[in-house]
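K.L.:
Sharing a structure with you now.
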Amino acid sequence: MNLDLTWRLLKGGGRRGLLGTWLTLAAVAVSTALLLFAVAANFAFAARADRGAWRTPVPAEGRPAVAVEAARFDFVRDRAITVVDLAALDPAAPAPPGMPRFPKPGETWLSPALAELARTLPAGELAARWPRQAGVLGDAALVHPDELVAVVGRAPDDPEMTAARSEDWIAGRPPTKVADLRGRTSEDSEAYQVLTLIASVLMVVPLLVFGGAAARLTVARRDQRLAALRLVGATPGQVVGMTVAEAVIVAFAGAVAGVAAYALALPLLARIPMAGGPWYAGDLWPGLLVVAGTLVAVPLLVGLSAVAGLRRVVVSPLGVAKRETPPALRFVRVLALLAALAAVPVLGMGVSAGVIAAVIALAFLCVNLVGPWVVALVGRIAAATARRPARLLAARRLIDDPRSAWRTVSGVALTGFVAGFIGLLSPGVFSGDEGPPQLRLAVPAGQTAEVAGQARERLERAGVTATVAESKKTVVAALGSSADAAGVDRARTALAGLVPGHTASTEADDQRFGTQILADVRVGTVVVLAVSFLVAIASAGITAASSILDRRQTYALLRLAGTPLEVLDRARRTETLLPLAVMGGGAIAVGMICAVPLMMGAMNATGAITLLACVVLGFGGVAGAGALSRPLLRSVTADPAPRPD
Amino acid sequence: MNDVLVGRALVKRFGQTVALGGVDIAIRAGEAVAIMGPSGSGKSTLLHCLAGIMKPDDGEVHLLGQRIDRMRERERSALRRTRFGFVFQFGQLLPELPAEENVALPLMLGGVARQEAVRSARAWFVPLGLHGMEQRRPGELSGGQAQRVAIARALVTKPAVVFADEPTGALDQQTGHDTMRLLVEATKHNGASLIVVTHDPNVARACDRMVEVRDGRLLAGGVPA
Ligand SMILES: Nc1ncnc2c1ncn2[C@@H]1O[C@H](COP(=O)(O)OP(=O)(O)OP(=O)(O)O)[C@@H](O)[C@H]1O
Ligand SMILES: [Mg+2]
């Protein structure tokens, strides 16, 4: 087609046209980078789950067993160590992941982080638990680079491999005869994957809205020129072709920049702690196929969005020059939202995560559908009650183009949905018992007296003062109020291996997984909110700038006629903050309603603070992004002979 | 002398270009003056200097004896809002505002209550042949109708001087002619002076006086006899 003409249109757009092009490029780059992040997070958790799978043994069941595998957790300071016990049943047992060969009985292989810790802490606190360290585990054995893992080789008849263990998978895995060491992904890693999927949905929806806004920015820039081209006789096909070609060229450049930005940000993103540690950068790299797909899909979506935005120009050559009252938005949209909300109470804990995610996504999309309708309503109310000119200008603009006003605030409003959802959802901190630490050790029935005696002896030898008591199935070593973290680790090390298959643990240790999940939910929340805010604020800034560019002639002429800049500026501010207040508040409420069926206990201070921080950041961010375009307004209106270019 | 607006020895340069090379001009109360001249001769520049939109590099501008070219932008802006009216070629109406609110806007900016401002604005519609157009938005008006709304907006504040830069430039000849007649009549009727830049001799004929600009200088008629 007219690629040559397109290229000249792109280059010859003038300084302000060029500004629009750059804004689009930047917007597409930001969207692409964040999109990659949202997608890559799923791959990253999947990669972690796959690498950790070998520690969850799958019973051989009929196939010839080659080894016995068991796993439990041990602790050092406030961190968990995964201890995997392996015994070969067949000399040809395969080497576990990250190891050159199957471990011989008595040998221990430590992960790099654990080996480092064993080196730096006094031997009596950690290293003495594994007297024969044979090597260091490779990355293939580890979920993340800081993970603490010990692989211990055993003989098949070692008590560790035969003693009964807890059936609770949170505490460990009982010895299992396995046909290979592939294992399967664990329940908790699958839970993480579901949560990540929900988080991705929450991030991707505003991203798509933002991408659409960015695409229409190119079109807005070209509206007038294209209408002119149409007037001189270009066919609709040519007009569409040229604009879409332009949008796609810019979007492709933006997508490439976005991929580069993501690659550059990768080392930083890899440091986000999740499930106890940072990431292998490779896990966060979504792979060439996904990157290539993004580079195709993003320009395609932008092109489609441009076509949609162009319909007006194409339908009639005067479509842009003559602006008419837009048709009223349909009430159906509100009904759709109400229907989605009505579905929420039906959800209980029993429903599968996929259904919950789908309903949430649906409610989320409905908020986006209702947005323009409510914005127009807000505009009508404000127009009816406005006394000052700025308010009137803002209100009329909201009525005139509720969709574009919604685009400005949709990001933050939708983030309000996330904040409302998470604000209610984030559970409180576990109430830990204060007091001197106690190590508990589960003991097979009838052996408590014997184990208690040995425990006293071991602790004494290690120089730990403790009162050892026994109950029916546990032995408890109370360490006294003077015991510090090092003392607890000395006691742990002294008691290591006392009861095969069981770990001496404090109450805090037992709650470690709960606190870990809480910490992860909180990190996840912050990440999702940060992404949403980035999108929201960027889109607020871009929309504010493009709305000035679109109306530069009118603004300039109003200014010539003596309209104070402050009035125009205040109108712009009102035009953004008014719908933001209404829609942001509404979205928070909808988010909260969605979270109610999933709530555990009452709303807590953390949730309330997160929510408040969101509202403050949202308003501040949007107001700030709008203020950034003030110099643009000033420069646009400084032109004494304004013409539509 | 009842000169409303006086420009003395006005000079304006854009880099090497001398847009105005020492112009003397005086406008009387209630007088309609046409400024003519070839493209690029400095007509718009002269208008902008007289209206306090641009600061001349040299010379003075007086409104009713008060010097206005030395005022700060804020004061000049207020002056344009209250003492002057403007009609441009096109694109001066806010597209999302109904016609009557476009007209009422300058009054509201001046602190008049909204209902009062809209009532005053409406009073302009019938005399200007805009009956029934009050609620229409600019996109729903013809070019000539939109210019008449712009005329109402320029006059609603009862200005001393109305400036019009090619107000009929985007209209066909007949509509342009009608619109021009309305502009001149309406300004006269309100006792305001009119300065109109035009290429159209017919427009000039509708005015009391015509001054001609060539290469930034007035050929004749700058100061009324
Ligand atoms: N902002 C500017 N920067 C540089 N030169 C300018 C600027 N504005 C006007 N000029 C120059 O000053 C001269 C007078 O311009 P002006 O706009 O007053 O002409 P005009 O008589 O109104 O022309 P037209 O009939 O085409 O509107 C021209 O040579 C023009 O190029
Ligand atoms: Mg001119």
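Please note that chains go A, B, ... in the order of the structure tokens, that every chain numbers its residues from 1, and that ligands are numbered from 1 in the order shown.
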Residues near Arg114 (chain B), anyone? I mean within 9 Å using only C-alpha atoms, not counting same-chain ones fewer than 4 positions away, as a list in words.
P.N.:
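Listed by chain and then number, they are Ala386, Arg387, Arg388 and Pro389 of chain A; Ala104, Leu105, Leu107, Met108, Val118 and Arg119 of chain B.
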K.L.:
Can you spit out the residues from that selection as a PDB file, in the first residue's frame, using C-alpha atoms?
P.N.:
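And here is the file that came out, selection19.pdb:
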```
ATOM      1  CA  ALA A 386     -21.701  23.682  38.234  1.00  0.00           C
ATOM      2  CA  ARG A 387     -21.421  27.341  39.232  1.00  0.00           C
ATOM      3  CA  ARG A 388     -17.857  28.151  38.252  1.00  0.00           C
ATOM      4  CA  PRO A 389     -16.631  27.981  34.638  1.00  0.00           C
TER       5      PRO A 389
ATOM      6  CA  ALA B 104     -22.012  32.699  28.519  1.00  0.00           C
ATOM      7  CA  LEU B 105     -18.451  31.591  29.234  1.00  0.00           C
ATOM      8  CA  LEU B 107     -19.417  36.370  31.559  1.00  0.00           C
ATOM      9  CA  MET B 108     -18.877  33.455  33.908  1.00  0.00           C
ATOM     10  CA  VAL B 118     -26.838  32.078  30.451  1.00  0.00           C
ATOM     11  CA  ARG B 119     -29.838  34.393  30.494  1.00  0.00           C
TER      12      ARG B 119
END
```
K.L.:
Pull the closest atom pair for each residue of chain B that gets at most 6 Å from ligand 1, along with the distance in Å to one decimal, counting only C-alpha atoms and all ligand atoms, ordering rows by chain and then ascending residue number, as a Markdown table.
P.N.:
```
| residue | atom | partner | partner_atom_place_in_ligand_line | distance |
| --- | --- | --- | --- | --- |
| B:Phe14 | CA | ligand 1 | 4 (C) | 4.7 |
| B:Ala19 | CA | ligand 1 | 12 (O) | 4.2 |
| B:Pro38 | CA | ligand 1 | 25 (O) | 5.9 |
| B:Ser39 | CA | ligand 1 | 25 (O) | 3.5 |
| B:Gly40 | CA | ligand 1 | 19 (O) | 3.4 |
| B:Ser41 | CA | ligand 1 | 21 (O) | 4.0 |
| B:Gly42 | CA | ligand 1 | 18 (O) | 3.1 |
| B:Lys43 | CA | ligand 1 | 21 (O) | 3.7 |
| B:Ser44 | CA | ligand 1 | 22 (O) | 3.7 |
| B:Thr45 | CA | ligand 1 | 18 (O) | 3.7 |
```
K.L.:
Taking N, CA, C and O atoms for each residue, export the selection above as a PDB file, in the first residue's frame.
P.N.:
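So out_31.pdb came out as:
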```pdb
ATOM      1  N   PHE B  14      10.250  39.653  13.699  1.00  0.00           N
ATOM      2  CA  PHE B  14      10.441  38.229  13.974  1.00  0.00           C
ATOM      3  C   PHE B  14      11.782  37.861  13.369  1.00  0.00           C
ATOM      4  O   PHE B  14      11.869  37.647  12.167  1.00  0.00           O
ATOM      5  N   ALA B  19       7.830  42.616  10.666  1.00  0.00           N
ATOM      6  CA  ALA B  19       6.404  42.437  10.402  1.00  0.00           C
ATOM      7  C   ALA B  19       5.681  43.773  10.472  1.00  0.00           C
ATOM      8  O   ALA B  19       4.752  44.023   9.703  1.00  0.00           O
ATOM      9  N   PRO B  38      -1.931  42.505   1.294  1.00  0.00           N
ATOM     10  CA  PRO B  38      -1.570  41.185   0.801  1.00  0.00           C
ATOM     11  C   PRO B  38      -1.156  40.258   1.938  1.00  0.00           C
ATOM     12  O   PRO B  38      -0.883  40.711   3.046  1.00  0.00           O
ATOM     13  N   SER B  39      -1.125  38.978   1.632  1.00  0.00           N
ATOM     14  CA  SER B  39      -0.725  37.983   2.624  1.00  0.00           C
ATOM     15  C   SER B  39       0.703  38.249   3.096  1.00  0.00           C
ATOM     16  O   SER B  39       1.575  38.590   2.293  1.00  0.00           O
ATOM     17  N   GLY B  40       0.899  38.158   4.392  1.00  0.00           N
ATOM     18  CA  GLY B  40       2.229  38.362   4.948  1.00  0.00           C
ATOM     19  C   GLY B  40       2.609  39.811   5.128  1.00  0.00           C
ATOM     20  O   GLY B  40       3.746  40.119   5.488  1.00  0.00           O
ATOM     21  N   SER B  41       1.660  40.707   4.940  1.00  0.00           N
ATOM     22  CA  SER B  41       2.013  42.123   5.027  1.00  0.00           C
ATOM     23  C   SER B  41       2.053  42.626   6.468  1.00  0.00           C
ATOM     24  O   SER B  41       2.571  43.699   6.735  1.00  0.00           O
ATOM     25  N   GLY B  42       1.473  41.871   7.405  1.00  0.00           N
ATOM     26  CA  GLY B  42       1.547  42.269   8.809  1.00  0.00           C
ATOM     27  C   GLY B  42       0.211  42.613   9.424  1.00  0.00           C
ATOM     28  O   GLY B  42       0.156  43.189  10.509  1.00  0.00           O
ATOM     29  N   LYS B  43      -0.894  42.250   8.780  1.00  0.00           N
ATOM     30  CA  LYS B  43      -2.222  42.578   9.290  1.00  0.00           C
ATOM     31  C   LYS B  43      -2.492  41.893  10.633  1.00  0.00           C
ATOM     32  O   LYS B  43      -2.871  42.563  11.602  1.00  0.00           O
ATOM     33  N   SER B  44      -2.260  40.592  10.679  1.00  0.00           N
ATOM     34  CA  SER B  44      -2.532  39.872  11.927  1.00  0.00           C
ATOM     35  C   SER B  44      -1.624  40.381  13.031  1.00  0.00           C
ATOM     36  O   SER B  44      -2.047  40.523  14.181  1.00  0.00           O
ATOM     37  N   THR B  45      -0.372  40.642  12.677  1.00  0.00           N
ATOM     38  CA  THR B  45       0.576  41.132  13.676  1.00  0.00           C
ATOM     39  C   THR B  45       0.095  42.454  14.265  1.00  0.00           C
ATOM     40  O   THR B  45       0.140  42.652  15.480  1.00  0.00           O
TER      41      THR B  45
END
```
K.L.:
Select the residues contacting ligand 2 at a distance of at most 12 Å, based on only C-alpha atoms and all ligand atoms, then format the selection as a PyMOL selection string.
P.N.:
(chain A and resi 640-643) or (chain B and resi 19+35-48+88-89+164-167+169+196-199+213)
K.L.:
Go ahead and save the residues from that selection, with N, CA and C atoms, as a CSV table (one decimal), in the first residue's frame.
P.N.:
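Below is the file that was written, part-v2.csv:
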```csv
chain,number,residue,atom,x,y,z
A,640,PRO,N,0.6,32.7,19.2
A,640,PRO,CA,-0.4,33.8,19.0
A,640,PRO,C,-1.2,33.5,17.7
A,641,ALA,N,-0.8,32.6,16.8
A,641,ALA,CA,-1.5,32.4,15.6
A,641,ALA,C,-1.8,30.9,15.5
A,642,PRO,N,-2.7,30.4,16.4
A,642,PRO,CA,-2.9,28.9,16.4
A,642,PRO,C,-3.7,28.4,15.2
A,643,ARG,N,-3.2,27.4,14.7
A,643,ARG,CA,-3.9,26.8,13.5
A,643,ARG,C,-3.9,25.3,13.8
B,19,ALA,N,7.8,42.6,10.7
B,19,ALA,CA,6.4,42.4,10.4
B,19,ALA,C,5.7,43.8,10.5
B,35,ILE,N,-8.9,46.3,8.0
B,35,ILE,CA,-7.5,46.3,7.7
B,35,ILE,C,-7.3,45.3,6.5
B,36,MET,N,-6.7,45.9,5.4
B,36,MET,CA,-6.5,45.1,4.2
B,36,MET,C,-5.1,45.0,3.9
B,37,GLY,N,-4.7,44.2,2.9
B,37,GLY,CA,-3.3,44.1,2.5
B,37,GLY,C,-3.0,42.7,2.1
B,38,PRO,N,-1.9,42.5,1.3
B,38,PRO,CA,-1.6,41.2,0.8
B,38,PRO,C,-1.2,40.3,1.9
B,39,SER,N,-1.1,39.0,1.6
B,39,SER,CA,-0.7,38.0,2.6
B,39,SER,C,0.7,38.2,3.1
B,40,GLY,N,0.9,38.2,4.4
B,40,GLY,CA,2.2,38.4,4.9
B,40,GLY,C,2.6,39.8,5.1
B,41,SER,N,1.7,40.7,4.9
B,41,SER,CA,2.0,42.1,5.0
B,41,SER,C,2.1,42.6,6.5
B,42,GLY,N,1.5,41.9,7.4
B,42,GLY,CA,1.5,42.3,8.8
B,42,GLY,C,0.2,42.6,9.4
B,43,LYS,N,-0.9,42.2,8.8
B,43,LYS,CA,-2.2,42.6,9.3
B,43,LYS,C,-2.5,41.9,10.6
B,44,SER,N,-2.3,40.6,10.7
B,44,SER,CA,-2.5,39.9,11.9
B,44,SER,C,-1.6,40.4,13.0
B,45,THR,N,-0.4,40.6,12.7
B,45,THR,CA,0.6,41.1,13.7
B,45,THR,C,0.1,42.5,14.3
B,46,LEU,N,-0.4,43.3,13.4
B,46,LEU,CA,-0.9,44.6,13.9
B,46,LEU,C,-2.1,44.4,14.8
B,47,LEU,N,-3.0,43.5,14.4
B,47,LEU,CA,-4.2,43.2,15.3
B,47,LEU,C,-3.7,42.7,16.6
B,48,HIS,N,-2.8,41.8,16.6
B,48,HIS,CA,-2.3,41.1,17.9
B,48,HIS,C,-1.6,42.2,18.8
B,88,PHE,N,-12.5,34.9,15.6
B,88,PHE,CA,-11.4,34.3,14.8
B,88,PHE,C,-12.0,33.6,13.6
B,89,GLN,N,-11.2,33.1,12.7
B,89,GLN,CA,-11.6,32.4,11.5
B,89,GLN,C,-12.5,31.2,11.8
B,164,ALA,N,-11.5,41.2,14.9
B,164,ALA,CA,-11.9,40.0,14.0
B,164,ALA,C,-10.8,39.8,13.0
B,165,ASP,N,-10.2,38.6,13.0
B,165,ASP,CA,-9.2,38.3,12.0
B,165,ASP,C,-9.8,37.3,11.0
B,166,GLU,N,-10.0,37.9,9.8
B,166,GLU,CA,-10.7,37.1,8.7
B,166,GLU,C,-11.8,36.3,9.2
B,167,PRO,N,-12.8,36.9,9.8
B,167,PRO,CA,-13.9,36.2,10.5
B,167,PRO,C,-14.8,35.4,9.5
B,169,GLY,N,-13.4,34.2,6.6
B,169,GLY,CA,-12.5,33.5,5.7
B,169,GLY,C,-12.8,32.1,5.4
B,196,VAL,N,-11.4,44.8,11.8
B,196,VAL,CA,-11.5,43.6,11.2
B,196,VAL,C,-10.5,43.4,10.0
B,197,VAL,N,-9.7,42.3,10.1
B,197,VAL,CA,-8.7,42.0,9.1
B,197,VAL,C,-9.5,41.2,8.0
B,198,THR,N,-9.3,41.6,6.7
B,198,THR,CA,-10.0,40.9,5.7
B,198,THR,C,-9.3,41.0,4.4
B,199,HIS,N,-9.6,40.1,3.5
B,199,HIS,CA,-9.1,40.1,2.1
B,199,HIS,C,-10.2,40.6,1.2
B,213,VAL,N,-2.3,47.8,4.6
B,213,VAL,CA,-0.9,47.5,5.1
B,213,VAL,C,-0.1,46.9,4.0
```
K.L.:
So which residues touch Thr108 (chain A) within 10 Å, counting only C-alpha atoms, skipping near sequence neighbours fewer than 5 positions away, as a list in words?
P.N.:
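Contacts, in chain order: Val83, Val84, Asp85, Pro103, Arg129, Trp130, Pro131, Arg132, Gln133, Ala134, Gly135, Val136, Leu137, Ala150, Val151, Val152, Gly153 and Arg154 of chain A.
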K.L.:
May I ask you to extract the residues of chain B within 10 Å of chain A, using only C-alpha atoms, and to give them as a ChimeraX atom specification?
P.N.:
/B:44-45,48,51-54,73-98,101-102,104-115,136-142,154,163
K.L.:
Residues within 9 Å of Asn190 (chain B), please, as a ChimeraX atom specification. Count only C-alpha atoms; anything in the same chain fewer than 5 positions from it doesn't count.
P.N.:
/B:30,155,158-159,185
K.L.:
Just to confirm, what's the straight-line distance from CA of Gln66 (chain B) to CA of Val162 (chain B) in Å (one decimal)?
P.N.:
17.5 Å
K.L.:
Near Leu498 (chain A), within 8 Å and counting only C-alpha atoms, which residues show up once chain neighbours fewer than 5 positions away are dropped, as a PyMOL selection string?
P.N.:
chain A and resi 451+454-455
K.L.:
What would the file look like if the residues just selected were written as a CSV table (one decimal), in the first residue's frame with C-alpha atoms?
P.N.:
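Listing of again-v2.csv after writing:
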```
chain,number,residue,atom,x,y,z
A,451,VAL,CA,14.5,-40.1,74.0
A,454,GLN,CA,19.3,-39.0,75.3
A,455,ALA,CA,18.2,-35.4,74.6
```
K.L.:
Going by DSSP on the backbone, which residues of region 131-221 of chain B come out as strand (DSSP E)? List them as a list in words.
P.N.:
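Written out, the strand (DSSP E) residues of region 131-221 of chain B are Val161, Val162, Phe163, Ala164, Asp165, Ser193, Leu194, Ile195, Val196, Val197, Arg209, Met210, Val211, Glu212, Val213, Arg214, Arg217 and Leu218 of chain B.
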K.L.:
What does the structure give for the distance between CA of Asn42 (chain A) and CA of Ala361 (chain A), in Å to one decimal?
P.N.:
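For CA of Asn42 (chain A) relative to CA of Ala361 (chain A), the distance reads 16.6 Å.
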